[in-house]
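One file, input-v1.txt, carrying compact mmCIF, C-alpha atoms and all ligand atoms:
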```
# COMPACT_ATOMS: atom_id res chain seq x y z
CA MET A 1 6.96 75.74 117.30
CA VAL A 2 3.75 77.33 116.04
CA ALA A 3 0.67 75.13 116.39
CA ARG A 4 -0.96 73.67 113.25
CA GLU A 5 -4.20 75.47 114.08
CA THR A 6 -2.32 78.77 113.88
CA LEU A 7 -0.40 77.81 110.73
CA ALA A 8 -3.75 77.01 109.10
CA ILE A 9 -4.63 80.68 109.54
CA THR A 10 -1.31 82.24 108.55
CA ALA A 11 -0.19 80.00 105.66
CA GLY A 12 -0.79 80.49 101.93
CA ARG A 13 -0.89 84.29 101.91
CA ASN A 14 2.10 85.06 99.66
CA ASP A 15 0.08 86.34 96.72
CA THR A 16 -2.91 88.08 98.31
CA GLY A 17 -1.48 91.56 98.97
CA SER A 18 -3.53 93.27 101.68
CA ALA A 19 -6.68 91.18 101.06
CA LEU A 20 -7.52 88.77 103.87
CA ALA A 21 -9.56 86.44 101.68
CA PRO A 22 -7.80 84.81 98.73
CA ALA A 23 -8.54 86.07 95.21
CA VAL A 24 -9.82 83.63 92.59
CA TRP A 25 -7.51 83.82 89.61
CA ALA A 26 -9.87 82.56 86.93
CA SER A 27 -7.55 83.30 84.00
CA SER A 28 -6.45 80.20 82.08
CA THR A 29 -3.64 82.10 80.38
CA PHE A 30 -1.33 85.07 80.90
CA GLN A 31 -0.03 87.76 78.58
CA LEU A 32 3.65 87.37 77.66
CA ALA A 33 5.71 90.53 77.18
CA SER A 34 8.22 89.10 74.68
CA LEU A 35 9.49 85.92 73.08
CA ALA A 36 12.15 85.75 75.75
CA GLU A 37 9.52 86.03 78.48
CA GLY A 38 7.43 83.35 76.74
CA ARG A 39 10.39 80.99 76.54
CA LEU A 40 11.24 81.64 80.17
CA GLN A 41 7.68 80.92 81.36
CA ALA A 42 7.25 77.87 79.10
CA MET A 43 10.41 76.27 80.47
CA ARG A 44 10.06 77.30 84.11
CA PRO A 45 8.83 74.47 86.34
CA ARG A 46 5.65 75.27 88.23
CA THR A 47 5.23 78.79 86.89
CA THR A 48 1.91 80.42 87.82
CA ARG A 49 2.03 83.08 85.06
CA PHE A 50 1.98 81.11 81.80
CA TYR A 51 -0.90 78.69 81.18
CA GLY A 52 -3.40 77.18 83.63
CA ARG A 53 -2.25 73.59 83.32
CA HIS A 54 1.28 74.61 84.37
CA GLY A 55 0.19 76.51 87.45
CA ASN A 56 -2.23 79.10 88.80
CA PRO A 57 -1.84 81.71 91.57
CA SER A 58 -4.99 80.62 93.45
CA VAL A 59 -3.96 76.99 93.30
CA ARG A 60 -0.46 77.96 94.44
CA ALA A 61 -1.81 79.68 97.55
CA PHE A 62 -3.55 76.43 98.53
CA GLU A 63 -0.41 74.41 97.73
CA ASP A 64 1.74 76.72 99.84
CA ALA A 65 -0.65 76.38 102.77
CA VAL A 66 -0.59 72.58 102.56
CA ALA A 67 3.22 72.54 102.31
CA THR A 68 3.39 74.67 105.46
CA LEU A 69 0.92 72.46 107.34
CA GLU A 70 2.76 69.27 106.36
CA GLY A 71 6.23 70.70 107.05
CA ALA A 72 7.08 70.06 103.38
CA GLU A 73 9.32 71.97 100.95
CA ALA A 74 6.56 71.98 98.33
CA ALA A 75 3.08 70.75 97.46
CA LEU A 76 1.23 70.15 94.21
CA ALA A 77 -2.56 70.17 93.81
CA PHE A 78 -4.59 67.97 91.49
CA ALA A 79 -8.15 67.85 90.20
CA SER A 80 -8.96 65.13 92.75
CA GLY A 81 -7.40 62.79 95.27
CA MET A 82 -7.35 60.08 92.61
CA GLY A 83 -5.64 62.51 90.21
CA ALA A 84 -2.92 62.92 92.83
CA LEU A 85 -2.58 59.17 93.47
CA CYS A 86 -2.55 58.43 89.72
CA ALA A 87 0.27 60.95 89.22
CA VAL A 88 2.30 59.47 92.08
CA VAL A 89 1.92 55.92 90.78
CA LEU A 90 2.21 56.49 87.02
CA GLY A 91 4.58 59.45 87.30
CA LEU A 92 7.13 57.59 89.41
CA CYS A 93 6.83 54.01 88.16
CA ARG A 94 7.70 52.41 84.84
CA GLN A 95 7.23 49.02 83.20
CA GLY A 96 8.78 46.43 85.52
CA SER A 97 8.47 48.60 88.65
CA HIS A 98 7.28 46.96 91.84
CA ILE A 99 4.87 48.55 94.34
CA VAL A 100 4.09 47.43 97.88
CA ALA A 101 0.64 48.66 98.92
CA GLN A 102 -1.75 47.93 101.68
CA ARG A 103 -4.81 45.84 101.07
CA GLN A 104 -7.02 47.91 103.39
CA CYS A 105 -7.45 51.26 101.71
CA TYR A 106 -9.72 53.52 99.68
CA GLY A 107 -11.56 51.57 96.96
CA GLY A 108 -10.34 53.79 94.11
CA THR A 109 -6.72 53.27 95.16
CA THR A 110 -7.19 49.50 95.21
CA GLN A 111 -8.78 49.62 91.75
CA LEU A 112 -5.94 51.75 90.38
CA LEU A 113 -3.31 49.41 91.77
CA ALA A 114 -5.06 46.11 91.01
CA GLY A 115 -6.74 47.08 87.74
CA VAL A 116 -4.65 49.71 85.95
CA CYS A 117 -1.08 49.02 87.11
CA PRO A 118 -0.85 45.46 85.70
CA ARG A 119 -1.80 46.78 82.23
CA PHE A 120 1.34 48.93 82.31
CA GLY A 121 3.59 46.13 83.55
CA ILE A 122 3.70 47.49 87.10
CA ASP A 123 3.70 44.70 89.65
CA VAL A 124 1.81 45.32 92.91
CA THR A 125 2.12 43.30 96.10
CA PHE A 126 -0.73 43.88 98.55
CA VAL A 127 0.03 43.48 102.22
CA ASP A 128 -2.20 43.03 105.24
CA VAL A 129 -1.59 45.93 107.64
CA THR A 130 -2.73 43.87 110.59
CA VAL A 131 0.38 41.68 110.16
CA PRO A 132 3.41 43.34 111.86
CA GLY A 133 6.36 43.91 109.52
CA ALA A 134 4.27 43.09 106.42
CA PHE A 135 5.53 46.07 104.42
CA ALA A 136 9.22 45.38 105.10
CA ALA A 137 8.81 41.71 104.23
CA ALA A 138 7.27 42.57 100.85
CA VAL A 139 9.91 45.11 99.74
CA ARG A 140 12.27 43.74 97.05
CA PRO A 141 15.64 45.52 97.32
CA GLY A 142 16.54 47.35 94.11
CA GLU A 143 13.17 46.60 92.55
CA THR A 144 10.47 48.15 94.73
CA MET A 145 9.87 51.69 93.52
CA LEU A 146 6.97 52.69 95.79
CA VAL A 147 5.58 51.77 99.17
CA LEU A 148 2.03 53.05 99.51
CA ALA A 149 0.24 53.19 102.86
CA GLU A 150 -2.99 54.79 104.00
CA THR A 151 -3.45 55.61 107.67
CA PRO A 152 -5.98 55.77 109.15
CA ALA A 153 -7.39 53.63 106.34
CA ASN A 154 -10.75 54.10 104.68
CA PRO A 155 -13.22 52.72 105.75
CA ARG A 156 -12.05 50.41 108.56
CA LEU A 157 -9.73 52.87 110.33
CA ASP A 158 -6.78 50.46 110.34
CA LEU A 159 -3.56 52.16 111.42
CA VAL A 160 -0.07 51.82 109.98
CA ASP A 161 3.01 52.68 112.04
CA LEU A 162 4.51 55.65 110.16
CA ASP A 163 7.93 55.10 111.77
CA GLU A 164 7.95 51.55 110.43
CA ILE A 165 7.24 52.73 106.86
CA GLY A 166 9.62 55.69 107.21
CA ALA A 167 12.47 53.35 108.19
CA LEU A 168 12.26 51.34 104.95
CA VAL A 169 15.35 51.96 102.80
CA GLY A 170 15.22 52.14 99.00
CA PRO A 171 11.64 52.72 97.82
CA ILE A 172 9.86 56.07 97.72
CA LYS A 173 7.48 56.00 100.67
CA VAL A 174 4.01 57.46 100.14
CA VAL A 175 1.24 57.89 102.72
CA ASP A 176 -2.37 58.79 102.00
CA SER A 177 -3.15 60.90 105.07
CA THR A 178 -6.64 62.03 104.01
CA LEU A 179 -8.39 60.75 107.15
CA ALA A 180 -5.88 62.32 109.53
CA THR A 181 -5.55 65.72 107.81
CA PRO A 182 -2.55 67.82 108.86
CA MET A 183 -4.33 68.34 112.20
CA GLY A 184 -3.92 64.65 113.02
CA GLN A 185 -0.40 63.79 111.88
CA GLN A 186 2.62 64.86 109.79
CA PRO A 187 3.82 61.76 107.91
CA LEU A 188 6.92 63.56 106.58
CA GLU A 189 8.21 63.90 110.15
CA HIS A 190 8.33 60.09 110.28
CA GLY A 191 10.60 59.70 107.24
CA ILE A 192 7.81 59.44 104.65
CA ASP A 193 8.73 60.97 101.26
CA LEU A 194 5.32 62.02 99.94
CA VAL A 195 2.05 62.71 101.73
CA VAL A 196 -1.15 62.57 99.67
CA HIS A 197 -4.58 63.98 100.51
CA SER A 198 -8.00 63.93 99.00
CA ALA A 199 -8.68 67.59 99.87
CA THR A 200 -12.26 66.91 98.77
CA LYS A 201 -12.82 65.61 102.30
CA ALA A 202 -12.03 67.43 105.57
CA MET A 203 -9.44 69.83 104.13
CA ALA A 204 -11.90 71.66 101.86
CA GLY A 205 -14.47 70.50 104.37
CA HIS A 206 -17.74 71.85 102.97
CA ASN A 207 -18.64 69.40 100.19
CA ASP A 208 -18.04 72.11 97.59
CA ALA A 209 -14.73 71.10 96.00
CA VAL A 210 -13.12 68.05 94.38
CA LEU A 211 -9.38 68.35 94.90
CA GLY A 212 -6.21 66.41 95.67
CA VAL A 213 -2.74 67.39 96.85
CA VAL A 214 0.74 65.84 97.28
CA ALA A 215 3.47 67.30 99.50
CA GLY A 216 7.14 66.47 99.92
CA GLU A 217 10.67 67.43 98.83
CA ARG A 218 10.89 70.07 96.12
CA ASN A 219 12.75 67.79 93.65
CA LEU A 220 10.18 65.05 93.92
CA ILE A 221 7.29 67.50 93.61
CA GLU A 222 8.86 69.08 90.52
CA TRP A 223 9.26 65.66 88.96
CA LEU A 224 5.58 64.94 89.64
CA TRP A 225 4.68 68.33 88.16
CA GLY A 226 6.43 67.31 84.92
CA PHE A 227 4.05 64.36 84.72
CA ALA A 228 1.01 66.29 85.98
CA VAL A 229 1.27 68.90 83.20
CA LEU A 230 0.81 66.08 80.66
CA GLN A 231 -1.61 64.03 82.79
CA GLY A 232 -3.89 67.08 82.91
CA ALA A 233 -5.63 66.37 86.25
CA THR A 234 -5.21 70.11 86.93
CA ALA A 235 -6.76 71.60 90.05
CA SER A 236 -9.43 74.25 89.45
CA PRO A 237 -8.71 77.68 90.98
CA TYR A 238 -12.28 77.74 92.30
CA ASP A 239 -11.85 74.44 94.13
CA ALA A 240 -8.42 75.50 95.43
CA THR A 241 -9.89 78.74 96.79
CA ASN A 242 -12.74 76.88 98.49
CA ALA A 243 -10.20 74.47 99.96
CA LEU A 244 -7.95 77.26 101.21
CA ARG A 245 -10.97 78.80 102.92
CA GLY A 246 -11.71 75.36 104.35
CA LEU A 247 -8.17 75.03 105.73
CA ARG A 248 -8.65 78.21 107.79
CA THR A 249 -11.22 76.43 109.98
CA LEU A 250 -9.81 72.89 109.78
CA GLY A 251 -8.43 73.08 113.32
CA VAL A 252 -11.75 73.66 115.09
CA ARG A 253 -13.73 71.49 112.69
CA PHE A 254 -11.41 68.52 113.09
CA ARG A 255 -11.35 68.83 116.87
CA GLN A 256 -15.14 68.97 117.06
CA GLN A 257 -15.62 66.06 114.64
CA SER A 258 -13.04 63.97 116.51
CA ALA A 259 -14.88 64.53 119.80
CA SER A 260 -18.24 63.63 118.24
CA ALA A 261 -16.85 60.43 116.69
CA VAL A 262 -15.49 59.28 120.07
CA ALA A 263 -18.84 60.04 121.74
CA VAL A 264 -20.84 58.18 119.07
CA GLY A 265 -18.35 55.28 119.05
CA GLU A 266 -18.52 54.79 122.82
CA ARG A 267 -22.32 54.66 122.70
CA LEU A 268 -22.37 52.30 119.70
CA GLU A 269 -20.02 49.90 121.50
CA ARG A 270 -22.65 49.38 124.17
CA HIS A 271 -25.51 48.73 121.70
CA PRO A 272 -26.58 45.11 121.14
CA ALA A 273 -27.28 45.69 117.41
CA VAL A 274 -23.60 46.56 116.83
CA ALA A 275 -21.01 43.79 116.49
CA GLU A 276 -17.87 45.94 116.25
CA VAL A 277 -16.93 49.62 116.24
CA ARG A 278 -13.71 50.96 114.75
CA HIS A 279 -12.26 54.36 115.59
CA PRO A 280 -8.68 55.31 116.53
CA GLY A 281 -9.98 57.32 119.51
CA LEU A 282 -11.55 54.28 121.18
CA ALA A 283 -9.65 52.14 123.70
CA SER A 284 -10.93 49.08 121.80
CA HIS A 285 -9.00 49.93 118.61
CA PRO A 286 -6.53 47.10 117.86
CA ARG A 287 -3.74 49.69 117.60
CA ALA A 288 -4.91 52.03 120.38
CA ASP A 289 -1.32 52.50 121.61
CA LEU A 290 -0.16 53.51 118.16
CA ALA A 291 -3.13 55.85 117.83
CA ARG A 292 -2.10 57.66 121.01
CA ARG A 293 1.52 57.90 119.86
CA GLN A 294 0.88 58.89 116.27
CA LEU A 295 -2.37 60.85 116.06
CA ARG A 296 -2.87 64.23 117.74
CA LEU A 297 -6.61 63.85 117.07
CA PRO A 298 -8.41 60.68 115.94
CA GLY A 299 -10.70 62.28 113.33
CA GLY A 300 -14.43 62.32 112.68
CA LEU A 301 -14.77 59.12 110.66
CA LEU A 302 -15.75 55.82 112.24
CA SER A 303 -17.08 52.52 111.01
CA PHE A 304 -19.10 49.77 112.60
CA ASP A 305 -20.50 46.38 111.72
CA LEU A 306 -24.17 45.75 112.34
CA VAL A 307 -25.44 42.42 113.54
CA GLY A 308 -27.68 41.19 110.73
CA GLY A 309 -25.58 41.91 107.61
CA LEU A 310 -27.03 43.51 104.49
CA ALA A 311 -30.63 43.71 105.75
CA ALA A 312 -29.48 45.54 108.86
CA GLY A 313 -27.20 47.80 106.83
CA GLU A 314 -30.03 48.76 104.52
CA ALA A 315 -32.47 49.29 107.39
CA PHE A 316 -29.99 51.52 109.23
CA MET A 317 -29.29 53.63 106.13
CA GLY A 318 -33.03 54.20 105.81
CA ALA A 319 -33.62 54.86 109.50
CA VAL A 320 -31.23 57.77 110.12
CA GLN A 321 -32.84 61.21 109.95
CA LEU A 322 -30.22 63.83 110.81
CA CYS A 323 -27.38 61.87 109.18
CA LEU A 324 -27.59 61.90 105.40
CA ALA A 325 -26.88 58.94 103.13
CA ALA A 326 -24.09 60.25 100.93
CA THR A 327 -20.56 59.32 99.89
CA SER A 328 -17.75 61.46 101.26
CA PHE A 329 -16.69 62.69 104.67
CA GLY A 330 -15.22 65.60 106.59
CA GLY A 331 -17.98 68.11 105.81
CA PRO A 332 -20.47 69.93 108.07
CA GLU A 333 -23.25 67.35 107.55
CA SER A 334 -23.00 63.97 109.25
CA LEU A 335 -22.98 61.36 106.50
CA VAL A 336 -23.59 57.63 106.52
CA THR A 337 -22.19 55.38 103.81
CA HIS A 338 -22.64 51.72 103.02
CA PRO A 339 -19.14 50.92 101.67
CA ALA A 340 -20.03 47.53 100.17
CA SER A 341 -22.53 49.13 97.79
CA THR A 342 -20.79 52.48 97.15
CA THR A 343 -17.15 53.46 97.84
CA HIS A 344 -15.91 49.89 97.62
CA ALA A 345 -18.53 48.49 95.21
CA GLY A 346 -15.86 48.13 92.49
CA LEU A 347 -13.91 45.58 94.50
CA THR A 348 -14.10 41.86 93.85
CA PRO A 349 -15.73 39.81 96.65
CA GLU A 350 -12.24 38.59 97.67
CA GLU A 351 -10.83 42.13 97.75
CA MET A 352 -13.87 43.24 99.74
CA ALA A 353 -13.36 40.48 102.32
CA GLU A 354 -9.61 41.22 102.54
CA SER A 355 -10.43 44.90 103.11
CA GLY A 356 -12.54 43.87 106.10
CA ILE A 357 -15.77 45.22 104.62
CA SER A 358 -18.91 43.22 105.22
CA PRO A 359 -22.49 43.83 103.97
CA GLY A 360 -23.30 45.09 107.47
CA THR A 361 -20.47 47.65 107.58
CA ILE A 362 -21.52 51.29 107.97
CA ARG A 363 -19.18 54.25 107.70
CA LEU A 364 -20.19 57.36 109.62
CA SER A 365 -18.66 60.78 109.11
CA CYS A 366 -19.48 62.99 112.07
CA GLY A 367 -20.33 66.49 110.90
CA LEU A 368 -20.57 69.72 112.85
CA GLU A 369 -24.03 69.26 114.35
CA ASP A 370 -24.22 69.13 118.14
CA THR A 371 -22.56 65.93 119.36
CA GLU A 372 -25.58 64.75 121.35
CA ASP A 373 -27.88 65.28 118.35
CA ILE A 374 -25.66 63.00 116.25
CA VAL A 375 -25.57 60.40 119.04
CA ALA A 376 -29.38 60.58 119.38
CA ASP A 377 -29.92 60.15 115.64
CA VAL A 378 -27.61 57.12 115.36
CA LEU A 379 -29.01 55.40 118.47
CA GLY A 380 -32.55 56.30 117.42
CA ALA A 381 -31.97 54.71 114.00
CA LEU A 382 -30.73 51.51 115.66
CA ASP A 383 -33.77 51.42 117.91
CA ARG A 384 -36.20 52.12 115.05
CA MET A 385 -34.73 49.35 112.87
CA THR A 386 -34.73 46.82 115.71
CA SER A 387 -38.20 47.71 116.97
CA ASP A 388 -40.82 45.19 115.98
CA ASP A 389 -43.77 47.47 115.37
CA GLY A 390 -43.71 46.69 111.66
CA SER A 391 -43.66 50.33 110.58
CA SER A 392 -41.25 51.33 107.84
CA PRO A 393 -38.51 53.50 109.41
CA ALA A 394 -38.54 55.89 106.44
CA ALA A 395 -42.28 56.46 106.82
CA ARG A 396 -42.01 57.79 110.35
CA PRO A 397 -42.39 61.54 110.63
CA ALA A 398 -39.21 63.44 111.37
CA ASP A 399 -39.29 65.10 114.77
C1 LIG B 401 -11.77 60.03 98.86
C2 LIG B 401 -10.43 59.45 98.99
C3 LIG B 401 -9.54 59.39 97.92
C4 LIG B 401 -9.93 59.86 96.54
O1 LIG B 401 -10.10 61.24 96.53
P1 LIG B 401 -11.04 61.99 95.45
O2 LIG B 401 -10.85 63.42 95.80
O3 LIG B 401 -12.43 61.48 95.64
O4 LIG B 401 -10.50 61.63 94.11
C5 LIG B 401 -8.29 58.86 98.13
N1 LIG B 401 -7.92 58.41 99.35
C6 LIG B 401 -8.73 58.44 100.40
C7 LIG B 401 -8.29 57.91 101.71
C8 LIG B 401 -10.03 58.96 100.26
O5 LIG B 401 -10.86 58.96 101.31
```
Rewritten as structure tokens:
Amino acid sequence: MVARETLAITAGRNDTGSALAPAVWASSTFQLASLAEGRLQAMRPRTTRFYGRHGNPSVRAFEDAVATLEGAEAALAFASGMGALCAVVLGLCRQGSHIVAQRQCYGGTTQLLAGVCPRFGIDVTFVDVTVPGAFAAAVRPGETMLVLAETPANPRLDLVDLDEIGALVGPIKVVDSTLATPMGQQPLEHGIDLVVHSATKAMAGHNDAVLGVVAGERNLIEWLWGFAVLQGATASPYDATNALRGLRTLGVRFRQQSASAVAVGERLERHPAVAEVRHPGLASHPRADLARRQLRLPGGLLSFDLVGGLAAGEAFMGAVQLCLAATSFGGPESLVTHPASTTHAGLTPEEMAESGISPGTIRLSCGLEDTEDIVADVLGALDRMTSDDGSSPAARPAD
């Protein structure tokens, strides 16, 4: 079997002729030779030669690459990760449908499920992933349409056993695999029906695209396409081209970021200002065994809780120098995020607590800087904020 790192180089080249770099097909529409040709293109699912909302050759190249990397029959790109999740939920469910979803996941997903779904008569049961068998216990035979898991989960890096979800009979099983990328795991190999990614993150990998993608069986993807054409969360050919370029280097980037996250995590665990560190590559992870079994690489995202709550969180965010305070992850720059005030700010206090996010929680995305420089910045920030010299951390000169 060819390694994923190699597939990332060879995949998605069906439409590029002899060019090594993909072409950007900017055209929103295509000339039709006859009425018969027009009718054919208008009725053909997923055509890339009719009208941009139906399909685009640049977007297709990215979709083909993702399908190859996930071992899927087909993939469909969207204007964002949320566009993809929205299509999966609203395109597959109807009034009266039941969804089982995990409590600990990306804030936007929680808001979609808890805020939007009830307005359409879709009933959502949230389960705690730290309770074994929670998904199976919540499934209602004949009624549950979707089971939605996210592993590793954003931002607390909780893990879900993919085999456990894959073994559920009846519902369509969906996994948001954004944090793992195809370099970390292949959910479809575990019996999952649809794998979803926010390609905005490590897949595109350079903070220059907003993009989502879903991969799975051709029939299911074509069904989703029928909804997506009307939903209109269409992926831009520019973003898809940036993301395809990003995929070419995902292997080395993900390996490097995984190694940096483990190095930073091990050092943070020994620091007195840190109450808890969460990363699937650390022996302290509550599901460390599962991490070893399920993840080829643990990824570059970690989270930790600072002793001292909100004040400590705010001080740390202001004290980092190399790491930048920004929302997203998987890019070249190391980023720090304060989930309680940004990515998960839309959650109710109860939802926030159930998600395991406290005012002292920090999420760190290790970038591609030298590992020891990232470690030095994070430890330096902790030392600056705990030092008692009274100077404002932000006022110190950068060295
Ligand atoms: C960022 C993210 C999303 C949403 O993706 P967008 O591209 O920002 O719409 C969904 N799931 C996870 C796990 C994410 O990290």
Test item: residues at most 12 Å from Leu188 (chain A), all atoms listed in the file, excluding those fewer than 3 positions along its chain, as a PyMOL selection string: chain A and resi 67-74+162-163+165-167+172-177+182+185+191-196+214-217
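Using all atoms listed in the file, the smallest distance between any of A:Gly331, A:Gly38, A:Phe120, A:Glu276 and Asp208 (chain A) comes from A:Gly331.
Straight-line separation from CA of Phe62 (chain A) to CA of Leu244 (chain A): 5.2 Å.
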field: Shell of 10 Å around Asp377 (chain A), all atoms listed in the file, local chain residues under 2 positions omitted, as a PyMOL selection string
entry: chain A and resi 264+319-323+372-375+379-383
Can you tell me, as AutoDock Vina command-line options, the centre and edge lengths (Å, one decimal) of the axis-aligned box enclosing all of ligand LIG 401 (chain B)'s listed atoms after padding each side by 6 Å?
```
--center_x -10.2 --center_y 60.7 --center_z 97.9 --size_x 16.5 --size_y 17.5 --size_z 19.6
```
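Considering only C-alpha atoms and all ligand atoms, every residue of the polymer chains approaching ligand LIG 401 (chain B) to 7 Å or closer is listed here: Ser80, Gly81, Met82, Gly83, Cys105, Tyr106, Gly108, Thr109, Glu150, Ala153, Asn154, Asp176, Ser177, Thr178, Leu179, His197, Ser198, Ala199, Thr200, Lys201, Val210, Leu211, Gly212 and Ser328 of chain A.
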Would you tabulate, counting all atoms listed in the file, all residues of region 80-124 of chain A that have an atom at most 9 Å from an atom of region 346-349 of chain A, showing the closest pair of atoms and their distance in Å to one decimal, sorted by chain then ascending number, as JSON lines?
```
{"residue": "A:Gly107", "atom": "CA", "partner": "A:Leu347", "partner_atom": "CA", "distance": 6.9}
{"residue": "A:Gly108", "atom": "CA", "partner": "A:Gly346", "partner_atom": "CA", "distance": 8.1}
{"residue": "A:Thr110", "atom": "CA", "partner": "A:Leu347", "partner_atom": "CA", "distance": 7.8}
{"residue": "A:Gln111", "atom": "CA", "partner": "A:Leu347", "partner_atom": "CA", "distance": 7.1}
```
task: Rank A:Leu157, A:Gly226, A:Thr342, A:Pro286 by their smallest atom-to-atom distance to Leu90 (chain A), using all atoms listed in the file, and report the top residue only.
output: A:Gly226
query: Hey, can you check how far CA of Arg60 (chain A) sits from CA of Arg13 (chain A)?
result: 9.8 Å
